[in-house]
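Novice: Next up, structure.txt (compact mmCIF, C-alpha atoms).
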```
# COMPACT_ATOMS: atom_id res chain seq x y z
CA MET A 1 -25.63 22.36 -11.57
CA GLY A 2 -27.62 19.18 -10.83
CA GLY A 3 -25.37 17.17 -13.15
CA GLN A 4 -22.30 18.51 -11.41
CA GLY A 5 -23.58 17.52 -7.98
CA GLU A 6 -24.41 14.05 -9.23
CA GLY A 7 -20.89 13.58 -10.58
CA LEU A 8 -19.42 14.85 -7.33
CA HIS A 9 -21.42 12.41 -5.22
CA ALA A 10 -20.76 9.48 -7.56
CA GLY A 11 -17.06 10.28 -7.35
CA MET A 12 -17.18 10.41 -3.55
CA ARG A 13 -18.84 6.99 -3.40
CA ALA A 14 -16.42 5.48 -5.91
CA GLY A 15 -13.48 7.06 -4.10
CA ALA A 16 -14.25 5.50 -0.73
CA PRO A 17 -12.27 2.27 -1.20
CA ILE A 18 -9.24 4.25 -2.38
CA ALA A 19 -9.58 6.54 0.60
CA LEU A 20 -8.68 3.57 2.80
CA ALA A 21 -5.54 3.00 0.73
CA SER A 22 -4.75 6.73 0.99
CA LEU A 23 -5.07 6.57 4.76
CA LEU A 24 -2.62 3.67 4.97
CA LEU A 25 -0.20 5.17 2.49
CA GLY A 26 -0.45 8.58 4.13
CA ALA A 27 0.38 6.92 7.43
CA SER A 28 3.43 5.27 5.92
CA PHE A 29 4.53 8.65 4.54
CA GLY A 30 4.17 10.15 8.01
CA VAL A 31 6.14 7.34 9.63
CA LEU A 32 9.01 7.67 7.16
CA ALA A 33 8.99 11.49 7.06
CA GLU A 34 8.93 12.30 10.78
CA PRO A 35 12.57 11.37 11.53
CA VAL A 36 13.75 13.38 8.48
CA MET A 37 11.44 16.40 8.35
CA GLY A 38 10.16 16.72 11.89
CA THR A 39 6.57 16.78 13.08
CA VAL A 40 4.91 19.69 11.32
CA ALA A 41 6.49 19.79 7.85
CA PRO A 42 5.26 16.34 6.70
CA ILE A 43 1.66 17.15 7.68
CA VAL A 44 1.77 20.55 5.99
CA MET A 45 3.34 18.89 2.96
CA SER A 46 0.50 16.39 2.67
CA ALA A 47 -2.01 19.22 3.07
CA ILE A 48 -0.63 21.61 0.47
CA VAL A 49 1.49 19.50 -1.91
CA PHE A 50 -0.96 16.58 -1.86
CA ALA A 51 0.93 14.45 -4.38
CA GLY A 52 1.92 11.08 -2.99
CA SER A 53 4.67 9.98 -5.33
CA ALA A 54 6.35 13.41 -5.34
CA GLN A 55 6.26 13.50 -1.54
CA PHE A 56 7.84 10.06 -1.23
CA GLY A 57 10.39 10.95 -3.90
CA ALA A 58 11.42 14.24 -2.28
CA LEU A 59 11.54 12.57 1.12
CA ALA A 60 13.88 9.88 -0.20
CA VAL A 61 16.31 12.60 -1.36
CA LEU A 62 16.16 14.47 1.97
CA ALA A 63 16.56 11.22 3.92
CA ALA A 64 19.69 10.43 1.92
CA GLY A 65 21.14 13.79 2.97
CA GLY A 66 20.30 15.64 -0.25
CA GLY A 67 19.49 19.35 -0.31
CA ALA A 68 16.22 21.09 -1.05
CA GLY A 69 17.15 21.63 -4.71
CA ALA A 70 17.63 17.92 -5.37
CA ALA A 71 14.51 17.03 -3.38
CA VAL A 72 12.38 19.51 -5.33
CA ALA A 73 13.82 18.28 -8.63
CA ALA A 74 12.86 14.71 -7.76
CA GLY A 75 9.34 15.80 -6.81
CA VAL A 76 8.91 17.88 -9.97
CA LEU A 77 9.99 14.96 -12.15
CA LEU A 78 7.58 12.64 -10.37
CA ASN A 79 4.80 15.17 -10.94
CA MET A 80 5.52 15.62 -14.64
CA ARG A 81 2.72 13.24 -15.58
CA TYR A 82 0.27 15.85 -14.28
CA LEU A 83 1.15 17.88 -17.35
CA PRO A 84 -0.39 15.49 -19.93
CA MET A 85 -3.12 14.59 -17.42
CA GLY A 86 -3.98 18.29 -17.05
CA ILE A 87 -3.99 18.71 -20.82
CA SER A 88 -6.34 15.74 -21.13
CA ILE A 89 -8.96 17.27 -18.83
CA ALA A 90 -8.56 20.79 -20.29
CA SER A 91 -11.53 20.60 -22.64
CA SER A 92 -13.69 19.22 -19.82
CA THR A 93 -13.08 22.23 -17.54
CA ARG A 94 -15.26 25.35 -17.63
CA GLY A 95 -14.96 29.05 -16.94
CA GLY A 96 -12.15 31.58 -17.04
CA TRP A 97 -8.47 30.79 -16.67
CA PHE A 98 -8.49 30.94 -12.89
CA ARG A 99 -11.46 28.58 -12.54
CA ARG A 100 -9.90 26.16 -15.02
CA GLY A 101 -6.60 26.14 -13.19
CA LEU A 102 -8.43 25.68 -9.92
CA ALA A 103 -10.58 22.85 -11.34
CA ALA A 104 -7.41 20.89 -12.09
CA GLN A 105 -6.00 21.08 -8.55
CA PRO A 106 -7.85 18.01 -7.19
CA LEU A 107 -6.11 15.97 -9.92
CA ILE A 108 -4.87 12.63 -8.58
CA ASP A 109 -3.97 9.50 -10.57
CA ALA A 110 -6.88 7.39 -9.43
CA GLY A 111 -9.58 10.05 -9.70
CA TRP A 112 -8.31 11.12 -13.10
CA ALA A 113 -8.41 7.59 -14.53
CA MET A 114 -11.80 6.87 -12.97
CA SER A 115 -13.37 10.04 -14.34
CA HIS A 116 -12.47 9.17 -17.96
CA ARG A 117 -15.71 8.94 -19.93
CA GLY A 118 -14.39 8.01 -23.35
CA ASP A 119 -14.04 10.22 -26.41
CA GLY A 120 -11.33 12.12 -24.55
CA ARG A 121 -13.91 13.56 -22.11
CA TYR A 122 -13.48 13.66 -18.36
CA ASP A 123 -16.15 14.05 -15.67
CA VAL A 124 -14.31 16.74 -13.69
CA PRO A 125 -16.81 16.99 -10.77
CA TYR A 126 -16.53 13.19 -10.41
CA MET A 127 -12.76 13.61 -10.15
CA TRP A 128 -13.29 16.26 -7.45
CA GLY A 129 -15.50 13.79 -5.58
CA VAL A 130 -12.82 11.10 -5.57
CA THR A 131 -10.33 13.62 -4.21
CA ALA A 132 -12.79 15.04 -1.66
CA VAL A 133 -12.83 11.72 0.21
CA ASN A 134 -9.14 11.02 -0.35
CA TYR A 135 -7.73 14.35 0.78
CA PRO A 136 -8.74 14.13 4.46
CA MET A 137 -7.53 10.51 4.57
CA TRP A 138 -4.15 11.41 3.07
CA VAL A 139 -3.62 14.30 5.49
CA GLY A 140 -5.11 12.40 8.44
CA GLY A 141 -3.04 9.33 7.62
CA THR A 142 0.12 11.44 7.52
CA THR A 143 -0.72 12.92 10.92
CA LEU A 144 -1.33 9.45 12.29
CA GLY A 145 1.97 8.23 10.90
CA VAL A 146 3.92 11.18 12.29
CA PHE A 147 2.62 10.67 15.83
CA ALA A 148 2.22 6.89 15.90
CA GLY A 149 5.36 5.94 13.98
CA ASP A 150 6.77 3.93 16.87
CA LEU A 151 3.62 1.80 17.02
CA ILE A 152 3.41 1.24 13.27
CA GLY A 153 7.04 0.35 12.63
CA ASP A 154 8.27 -0.23 9.07
CA PRO A 155 5.25 0.41 6.79
CA ASP A 156 6.57 -1.79 3.97
CA ARG A 157 6.34 -4.74 6.35
CA LEU A 158 2.56 -4.40 6.01
CA GLY A 159 2.66 -4.65 2.22
CA LEU A 160 1.40 -1.09 1.81
CA ASP A 161 3.70 -0.43 -1.13
CA ALA A 162 1.75 -3.07 -3.07
CA LEU A 163 -1.57 -1.22 -2.64
CA PHE A 164 -1.39 1.29 -5.46
CA PRO A 165 0.01 -0.93 -8.23
CA ALA A 166 -2.88 -3.32 -7.49
CA PHE A 167 -5.35 -0.49 -7.57
CA PHE A 168 -3.96 0.90 -10.83
CA LEU A 169 -4.17 -2.59 -12.34
CA ALA A 170 -7.88 -2.71 -11.57
CA LEU A 171 -8.31 0.71 -13.19
CA LEU A 172 -6.27 -0.34 -16.22
CA ILE A 173 -8.43 -3.42 -16.80
CA GLY A 174 -11.54 -1.25 -16.72
CA GLU A 175 -9.93 1.35 -18.95
CA ALA A 176 -8.45 -0.90 -21.64
CA SER A 177 -10.90 -3.81 -21.78
CA GLY A 178 -12.51 -4.24 -25.17
CA ARG A 179 -10.08 -1.79 -26.78
CA ARG A 180 -7.17 -3.45 -28.51
CA ARG A 181 -5.36 -0.15 -28.81
CA GLY A 182 -5.81 0.42 -25.11
CA TRP A 183 -3.88 -2.75 -24.37
CA VAL A 184 -1.24 -1.94 -26.97
CA ALA A 185 -0.76 1.51 -25.40
CA ALA A 186 -0.55 -0.10 -21.94
CA PHE A 187 2.01 -2.64 -23.09
CA LEU A 188 4.14 -0.01 -24.81
CA GLY A 189 3.84 2.40 -21.87
CA ALA A 190 4.96 -0.33 -19.46
CA THR A 191 7.85 -1.35 -21.71
CA LEU A 192 9.05 2.24 -22.14
CA ALA A 193 8.84 2.93 -18.42
CA LEU A 194 10.66 -0.26 -17.44
CA SER A 195 13.46 0.22 -19.93
CA LEU A 196 14.04 3.82 -18.77
CA ALA A 197 13.75 3.18 -15.02
CA PRO A 198 17.37 2.03 -14.48
CA VAL A 199 18.90 4.91 -16.47
CA THR A 200 16.74 7.99 -15.79
CA PRO A 201 15.80 9.90 -12.61
CA PRO A 202 12.54 8.80 -10.91
CA GLY A 203 9.47 10.25 -12.60
CA VAL A 204 10.89 10.24 -16.11
CA PRO A 205 9.88 6.61 -16.82
CA VAL A 206 6.18 7.23 -16.13
CA MET A 207 6.23 10.51 -18.04
CA ALA A 208 7.89 8.75 -21.00
CA GLY A 209 5.35 5.95 -20.74
CA CYS A 210 2.63 8.37 -21.72
CA LEU A 211 4.30 8.73 -25.13
CA ALA A 212 2.82 5.30 -25.87
CA ALA A 213 -0.51 7.09 -26.35
CA LEU A 214 0.90 8.50 -29.60
CA ILE A 215 0.13 5.15 -31.28
CA ALA A 216 -3.37 6.62 -31.59
CA LEU A 217 -1.94 8.61 -34.50
CA ALA A 218 -1.16 5.42 -36.44
CA PRO A 219 -3.69 4.96 -39.26
CA ALA A 220 -6.70 2.87 -38.22
CA GLY A 221 -6.50 -0.80 -39.14
CA GLU A 222 -2.75 -0.76 -39.41
CA ARG A 223 -0.87 -2.82 -36.87
CA ALA A 224 0.60 -0.59 -34.26
CA PRO A 225 4.41 -0.67 -34.10
CA MET B 1 14.71 28.07 6.29
CA SER B 2 15.39 24.35 6.57
CA ALA B 3 15.68 22.11 3.52
CA SER B 4 12.39 20.43 4.50
CA TRP B 5 10.39 23.64 4.48
CA ALA B 6 12.03 24.91 1.30
CA THR B 7 11.07 21.60 -0.34
CA VAL B 8 7.48 21.82 0.88
CA ILE B 9 7.02 25.36 -0.43
CA ALA B 10 8.73 24.83 -3.79
CA LEU B 11 6.87 21.57 -4.43
CA THR B 12 3.54 23.19 -3.58
CA ILE B 13 4.09 25.91 -6.17
CA THR B 14 5.35 23.56 -8.89
CA THR B 15 2.58 21.02 -8.31
CA ILE B 16 -0.14 23.65 -8.61
CA ALA B 17 1.47 25.00 -11.78
CA THR B 18 1.93 21.58 -13.39
CA LYS B 19 -1.71 20.68 -12.87
CA ALA B 20 -3.05 24.05 -14.00
CA VAL B 21 -1.00 24.72 -17.12
CA GLY B 22 -2.97 22.41 -19.46
CA PRO B 23 -6.47 23.70 -18.63
CA ILE B 24 -5.29 27.34 -18.59
CA ALA B 25 -3.32 27.15 -21.84
CA LEU B 26 -5.80 25.11 -23.85
CA GLY B 27 -9.05 26.59 -22.55
CA GLU B 28 -12.36 25.45 -23.90
CA ARG B 29 -11.36 25.33 -27.55
CA ASP B 30 -12.23 22.28 -29.59
CA LEU B 31 -9.23 20.11 -30.15
CA PRO B 32 -8.52 18.18 -33.35
CA GLY B 33 -9.73 14.56 -33.48
CA ALA B 34 -6.21 13.20 -33.51
CA PHE B 35 -5.54 14.96 -30.20
CA THR B 36 -8.64 13.40 -28.66
CA ARG B 37 -7.56 9.94 -29.79
CA VAL B 38 -4.17 10.39 -28.14
CA ILE B 39 -5.86 11.54 -24.91
CA GLU B 40 -8.04 8.41 -25.08
CA LEU B 41 -4.93 6.25 -24.78
CA LEU B 42 -3.18 8.33 -22.14
CA ALA B 43 -4.95 6.59 -19.26
CA PRO B 44 -3.94 3.01 -20.16
CA ALA B 45 -0.40 4.12 -21.02
CA ILE B 46 0.16 6.05 -17.76
CA LEU B 47 -1.58 3.45 -15.58
CA ALA B 48 0.57 0.67 -17.04
CA ALA B 49 3.72 2.72 -16.50
CA LEU B 50 2.71 3.48 -12.89
CA ILE B 51 2.03 -0.22 -12.26
CA VAL B 52 5.34 -1.53 -13.54
CA VAL B 53 7.46 1.23 -11.99
CA GLY B 54 5.66 0.88 -8.66
CA THR B 55 6.16 -2.89 -8.73
CA PHE B 56 9.48 -3.63 -10.41
CA ALA B 57 11.69 -0.57 -9.76
CA ASP B 58 13.50 -0.08 -6.46
CA ALA B 59 14.45 3.29 -4.95
CA ASP B 60 17.44 3.59 -7.31
CA GLY B 61 15.37 2.62 -10.37
CA ASP B 62 16.99 -0.80 -10.62
CA LEU B 63 14.61 -3.54 -11.70
CA VAL B 64 13.79 -6.09 -9.03
CA VAL B 65 11.22 -8.82 -8.45
CA ASP B 66 10.22 -8.74 -4.79
CA ALA B 67 7.18 -8.94 -2.52
CA ARG B 68 5.44 -6.23 -4.54
CA ALA B 69 5.43 -8.48 -7.61
CA ALA B 70 3.75 -11.21 -5.57
CA GLY B 71 1.20 -8.65 -4.43
CA LEU B 72 0.49 -7.59 -7.99
CA ALA B 73 0.09 -11.22 -9.05
CA ALA B 74 -2.43 -11.71 -6.24
CA ALA B 75 -4.36 -8.65 -7.37
CA ALA B 76 -4.36 -9.91 -10.96
CA SER B 77 -5.72 -13.28 -9.81
CA VAL B 78 -8.56 -11.63 -7.91
CA LEU B 79 -9.40 -9.40 -10.88
CA ALA B 80 -9.33 -12.38 -13.24
CA VAL B 81 -12.15 -13.93 -11.22
CA ARG B 82 -14.10 -10.75 -10.43
CA ARG B 83 -13.17 -7.90 -12.71
CA ASN B 84 -14.68 -5.10 -10.67
CA TRP B 85 -13.73 -6.21 -7.18
CA ILE B 86 -11.17 -3.46 -6.60
CA LEU B 87 -11.20 -3.69 -2.81
CA GLY B 88 -10.57 -7.45 -2.95
CA ALA B 89 -7.68 -6.99 -5.36
CA VAL B 90 -6.03 -4.26 -3.29
CA THR B 91 -6.43 -6.18 -0.02
CA ALA B 92 -5.05 -9.36 -1.56
CA ALA B 93 -2.03 -7.45 -2.86
CA ALA B 94 -1.17 -6.01 0.55
CA ILE B 95 -1.70 -9.31 2.40
CA VAL B 96 0.37 -11.35 -0.05
CA ALA B 97 3.17 -8.76 -0.19
CA ALA B 98 3.28 -8.65 3.62
CA ALA B 99 3.25 -12.45 3.82
CA VAL B 100 6.13 -12.76 1.36
CA ARG B 101 8.19 -10.34 3.48
CA VAL B 102 7.57 -12.42 6.60
CA VAL B 103 8.75 -15.62 4.95
```
Translate the structure of the given file into structure tokens.
Specialist:
Amino acid sequence: MGGQGEGLHAGMRAGAPIALASLLLGASFGVLAEPVMGTVAPIVMSAIVFAGSAQFGALAVLAAGGGAGAAVAAGVLLNMRYLPMGISIASSTRGGWFRRGLAAQPLIDAGWAMSHRGDGRYDVPYMWGVTAVNYPMWVGGTTLGVFAGDLIGDPDRLGLDALFPAFFLALLIGEASGRRRGWVAAFLGATLALSLAPVTPPGVPVMAGCLAALIALAPAGERAP
Amino acid sequence: MSASWATVIALTITTIATKAVGPIALGERDLPGAFTRVIELLAPAILAALIVVGTFADADGDLVVDARAAGLAAAASVLAVRRNWILGAVTAAAIVAAAVRVV
């Protein structure tokens, strides 16, 4: 278990800078959610749904006067990428079905990408570590936003919506550097997502972007399409 | 039950299921090499898609160039100079995006 503890601690250290972003983004969720969902529901949502993009997406539907069905549909679509991400970590999880399913619950975008160790392997305890420091910040940030919304004002004014694209860019550079196919997959994924964004519901573009990974099936040496 | 609470409960269940289905269905079995190679490229593909959607799509999915694009450009500049300075890149993005909105 020594190796597992090491991964967990390394993940917690590496996750610290993102935890700050989670705090700020969680606060902006709280600020935006409180007028729509009340005081308790947004905090409970952050604690038990714990999926930023799905929460923002569902909130946008509710804020526009949509019903629960439409809000859930938006959230489910935004979470669809967890399906391929869960499949990717499957062979790195251990134990019976319950333990495997449980091991995947701390899955978040950043921790998942950071725990990639090449050869299709993932350091799952490292991913847990990243989430362990992010979870309290996300929930705490939401609480802060719910109660201090009047002081914070419009969160976008602070540029908080630019935080995660910047962070994902840093991860992408680390992930793709030195691998031509990595950059090709990134370019194709971005192109697919952007071309679908105007015509599909939110969530579908990112999910479709992951199809770009299929270029790995092209014979080696051949130029990818 | 209000729409908010129904949403919270339904999204909790679906999120747990979406994350768990891969590890539960695939188990510990060895996967073919081609599968591993596809998984290798999932991270760059999904990260790139998250970046462009988070930067260039508005709430309706329409493509726009706004303060977020300036923020991303600032982050890219920081990373071009110091590849691993994630905190610097993220901070620069927020500051530049906020500054653009003030102007």
Novice: A:Ala74: which residues within 12 Å, counting all atoms listed in the file, same-chain residues fewer than 5 positions away excluded, as an MDAnalysis selection string?
Specialist: (chainID A and resid 53:62 66:69 79:80 200:204) or (chainID B and resid 7 10:11 14 59)
Novice: Measuring between all atoms listed in the file, which one of A:Gly174, A:Pro155, A:Gly65, A:Gly189 shows the shortest distance to B:Arg101?
Specialist: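 Closest to B:Arg101, using all atoms listed in the file: A:Pro155.
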Novice: At what distance in Å, to one decimal, does atom CA of A:Leu83 lie from atom CA of A:Val206?
Specialist: 11.8 Å
Novice: For the atom pair atom CA of B:Thr18 and atom CA of A:Ala193, what is the interatomic distance in Å to one decimal place?
Specialist: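 Atom CA of A:Ala193 lies at a distance of 20.5 Å from atom CA of B:Thr18.
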Novice: Would you list the contacts of A:Thr142 as a ChimeraX atom specification, taking every protein, DNA or RNA residue within 8 Å and counting all atoms listed in the file, but skipping same-chain residues closer than 4 positions in sequence?
Specialist: /A:23,26-31,42-43,46,138,146
Novice: Report as number ranges by chain all protein, DNA and RNA residues lying within 9 Å of stretch 96-108 of chain A, evaluated on all atoms listed in the file, omitting residues in the same chain fewer than 2 positions from it.
Specialist: A: 50-52, 82, 85-86, 89-90, 93-94, 110-113, 124-125, 127-132, 135; B: 15-17, 19-25, 27
Novice: Could you list, as a list in words, every residue within 8 Å of stretch 43-46 of chain B, counting all atoms listed in the file and ignoring same-chain residues fewer than 5 positions away?
Specialist: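 Listing them by chain and then by number gives Arg81, Ala113, Leu172, Glu175, Ala176, Gly182, Trp183, Ala185, Ala186, Phe187, Leu188, Gly189, Ala190, Val206, Met207, Gly209, Cys210, Leu211, Ala212 and Ala213 of chain A.
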Novice: So, counting all atoms listed in the file, which residue among A:Asp119, A:Gly178, A:Arg157, A:Gln4 is closest to B:Pro32?
Specialist: A:Asp119
Novice: Could you tell me how far atom CA of A:Leu78 lies from atom CA of B:Ala34, in Å and to one decimal?
Specialist: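 Going from atom CA of A:Leu78 over to atom CA of B:Ala34, I get 26.9 Å.
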